[in-house]
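To keep things clear, I will list the structure first and then write my remarks on it.
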Amino acid sequence: MLLEVDCNTDIDNLKLRLENSGWRLMSFEKQPDLKMSFNKGYTPEGFAKKVFHLHVRFLGNWDELYFRDYLMIYEEVANKYGELKQKLKKQYEHNRDGYTKAKTKFIKKWTKQARKEFPSRYLP
């Protein structure tokens, strides 16, 4: 899920409210652009049956949407991503950071391609 916020948002208050609602902060960067990632479903025992991700970004920072759209259009890439995730789930079941890091190269490659293919997709 992607939550867009504007530059007037009280980021610290938003972060606190999400954490108090059961979301676990996975990563947090304020500079150069806001990037907060939360999840529900990662546990000390490994992955729950369902895992949810919430990405908080300023308007225009849409890498996740580009990646999602690319996977929806290109089934072969989506299948490769699914296979990668299944492999990594077994390897990193108790290491969420390792799991995320291991997917990064794949995600960045196809996000870059998606931005080239549909550069103006999300312009207001």
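Letters for chains follow the order of the structure tokens (A, B, ...), residue numbers begin at 1 for each chain, and ligand numbers begin at 1 in the order shown.
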Shell around segment 28-38 of chain A at 9 Å using only C-alpha atoms, local window under 4 positions removed, as a list of chain:residue names: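 Counting only the stated atoms, we get A:Lys15, A:Leu18, A:Glu19, A:Trp23, A:Arg24, A:Phe52, A:His53, A:Leu54, A:His55, A:Val56, A:Arg57, A:Phe58, A:Asn61.
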With only C-alpha atoms as the counted atoms, please give the residues lying no more than 8 Å from segment 96-108 of chain A, apart from itself and same-chain residues fewer than 2 positions off, as a list in words. Tyr42, Phe67, Tyr81, Leu84, Lys85, Leu88, Lys89, Gln91, Tyr92, Glu93, His94, Trp110, Thr111 and Lys112 of chain A
With distances taken over only C-alpha atoms, which residue among A:Asn13, A:Asn79, A:Ser21, A:Ser120 lies nearest Gly60 of chain A? A:Ser120
Run DSSP on the backbone and give me the residues of segment 1-40 of chain A it puts in alpha helix (DSSP H), as a VMD selection string. chain A and resid 11 to 20
Keeping only all heavy atoms, write those residues as a PDB file, in the first residue's frame.
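Result saved to result_29.pdb:
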```pdb
ATOM      1  N   ILE A  11       5.182  14.438  10.311  1.00  0.00           N
ATOM      2  CA  ILE A  11       5.722  13.099  10.073  1.00  0.00           C
ATOM      3  C   ILE A  11       5.908  12.332  11.377  1.00  0.00           C
ATOM      4  O   ILE A  11       5.583  11.140  11.455  1.00  0.00           O
ATOM      5  CB  ILE A  11       7.058  13.180   9.304  1.00  0.00           C
ATOM      6  CG1 ILE A  11       6.856  13.880   7.951  1.00  0.00           C
ATOM      7  CG2 ILE A  11       7.680  11.808   9.131  1.00  0.00           C
ATOM      8  CD1 ILE A  11       5.856  13.216   7.038  1.00  0.00           C
ATOM      9  N   ASP A  12       6.413  12.990  12.410  1.00  0.00           N
ATOM     10  CA  ASP A  12       6.632  12.295  13.687  1.00  0.00           C
ATOM     11  C   ASP A  12       5.316  11.817  14.290  1.00  0.00           C
ATOM     12  O   ASP A  12       5.230  10.707  14.818  1.00  0.00           O
ATOM     13  CB  ASP A  12       7.385  13.192  14.671  1.00  0.00           C
ATOM     14  CG  ASP A  12       8.811  13.468  14.206  1.00  0.00           C
ATOM     15  OD1 ASP A  12       9.423  12.561  13.592  1.00  0.00           O
ATOM     16  OD2 ASP A  12       9.302  14.585  14.438  1.00  0.00           O
ATOM     17  N   ASN A  13       4.274  12.632  14.190  1.00  0.00           N
ATOM     18  CA  ASN A  13       2.959  12.241  14.695  1.00  0.00           C
ATOM     19  C   ASN A  13       2.386  11.090  13.872  1.00  0.00           C
ATOM     20  O   ASN A  13       1.831  10.134  14.424  1.00  0.00           O
ATOM     21  CB  ASN A  13       2.005  13.433  14.686  1.00  0.00           C
ATOM     22  CG  ASN A  13       0.657  13.093  15.277  1.00  0.00           C
ATOM     23  OD1 ASN A  13       0.558  12.448  16.317  1.00  0.00           O
ATOM     24  ND2 ASN A  13      -0.399  13.521  14.607  1.00  0.00           N
ATOM     25  N   LEU A  14       2.525  11.158  12.556  1.00  0.00           N
ATOM     26  CA  LEU A  14       2.051  10.071  11.693  1.00  0.00           C
ATOM     27  C   LEU A  14       2.761   8.772  12.030  1.00  0.00           C
ATOM     28  O   LEU A  14       2.131   7.721  12.165  1.00  0.00           O
ATOM     29  CB  LEU A  14       2.277  10.439  10.222  1.00  0.00           C
ATOM     30  CG  LEU A  14       1.949   9.352   9.204  1.00  0.00           C
ATOM     31  CD1 LEU A  14       0.470   8.975   9.253  1.00  0.00           C
ATOM     32  CD2 LEU A  14       2.347   9.805   7.802  1.00  0.00           C
ATOM     33  N   LYS A  15       4.068   8.834  12.180  1.00  0.00           N
ATOM     34  CA  LYS A  15       4.865   7.657  12.532  1.00  0.00           C
ATOM     35  C   LYS A  15       4.372   7.050  13.848  1.00  0.00           C
ATOM     36  O   LYS A  15       4.143   5.840  13.950  1.00  0.00           O
ATOM     37  CB  LYS A  15       6.338   8.060  12.638  1.00  0.00           C
ATOM     38  CG  LYS A  15       7.291   6.953  13.023  1.00  0.00           C
ATOM     39  CD  LYS A  15       8.719   7.517  13.040  1.00  0.00           C
ATOM     40  CE  LYS A  15       9.672   6.629  13.747  1.00  0.00           C
ATOM     41  NZ  LYS A  15       9.651   6.749  15.189  1.00  0.00           N
ATOM     42  N   LEU A  16       4.189   7.879  14.851  1.00  0.00           N
ATOM     43  CA  LEU A  16       3.717   7.416  16.156  1.00  0.00           C
ATOM     44  C   LEU A  16       2.333   6.777  16.057  1.00  0.00           C
ATOM     45  O   LEU A  16       2.085   5.710  16.628  1.00  0.00           O
ATOM     46  CB  LEU A  16       3.697   8.587  17.142  1.00  0.00           C
ATOM     47  CG  LEU A  16       3.254   8.259  18.564  1.00  0.00           C
ATOM     48  CD1 LEU A  16       4.223   7.288  19.223  1.00  0.00           C
ATOM     49  CD2 LEU A  16       3.149   9.542  19.381  1.00  0.00           C
ATOM     50  N   ARG A  17       1.426   7.405  15.319  1.00  0.00           N
ATOM     51  CA  ARG A  17       0.067   6.874  15.182  1.00  0.00           C
ATOM     52  C   ARG A  17       0.057   5.517  14.477  1.00  0.00           C
ATOM     53  O   ARG A  17      -0.689   4.615  14.857  1.00  0.00           O
ATOM     54  CB  ARG A  17      -0.818   7.878  14.441  1.00  0.00           C
ATOM     55  CG  ARG A  17      -1.061   9.135  15.298  1.00  0.00           C
ATOM     56  CD  ARG A  17      -1.911  10.124  14.601  1.00  0.00           C
ATOM     57  NE  ARG A  17      -3.268   9.588  14.554  1.00  0.00           N
ATOM     58  CZ  ARG A  17      -4.293  10.221  14.010  1.00  0.00           C
ATOM     59  NH1 ARG A  17      -4.110  11.396  13.460  1.00  0.00           N
ATOM     60  NH2 ARG A  17      -5.484   9.686  13.994  1.00  0.00           N
ATOM     61  N   LEU A  18       0.880   5.366  13.434  1.00  0.00           N
ATOM     62  CA  LEU A  18       0.945   4.085  12.737  1.00  0.00           C
ATOM     63  C   LEU A  18       1.528   3.004  13.653  1.00  0.00           C
ATOM     64  O   LEU A  18       1.012   1.883  13.710  1.00  0.00           O
ATOM     65  CB  LEU A  18       1.761   4.214  11.446  1.00  0.00           C
ATOM     66  CG  LEU A  18       1.062   4.963  10.325  1.00  0.00           C
ATOM     67  CD1 LEU A  18       2.043   5.303   9.200  1.00  0.00           C
ATOM     68  CD2 LEU A  18      -0.116   4.170   9.780  1.00  0.00           C
ATOM     69  N   GLU A  19       2.584   3.344  14.372  1.00  0.00           N
ATOM     70  CA  GLU A  19       3.183   2.367  15.293  1.00  0.00           C
ATOM     71  C   GLU A  19       2.191   1.971  16.386  1.00  0.00           C
ATOM     72  O   GLU A  19       2.104   0.791  16.757  1.00  0.00           O
ATOM     73  CB  GLU A  19       4.467   2.926  15.897  1.00  0.00           C
ATOM     74  CG  GLU A  19       5.594   3.002  14.894  1.00  0.00           C
ATOM     75  CD  GLU A  19       6.845   3.673  15.427  1.00  0.00           C
ATOM     76  OE1 GLU A  19       6.734   4.626  16.235  1.00  0.00           O
ATOM     77  OE2 GLU A  19       7.936   3.241  15.036  1.00  0.00           O
ATOM     78  N   ASN A  20       1.415   2.928  16.882  1.00  0.00           N
ATOM     79  CA  ASN A  20       0.406   2.634  17.903  1.00  0.00           C
ATOM     80  C   ASN A  20      -0.763   1.818  17.352  1.00  0.00           C
ATOM     81  O   ASN A  20      -1.543   1.258  18.120  1.00  0.00           O
ATOM     82  CB  ASN A  20      -0.108   3.918  18.549  1.00  0.00           C
ATOM     83  CG  ASN A  20       0.914   4.539  19.479  1.00  0.00           C
ATOM     84  OD1 ASN A  20       1.829   3.870  19.965  1.00  0.00           O
ATOM     85  ND2 ASN A  20       0.789   5.830  19.726  1.00  0.00           N
TER      86      ASN A  20
END
```
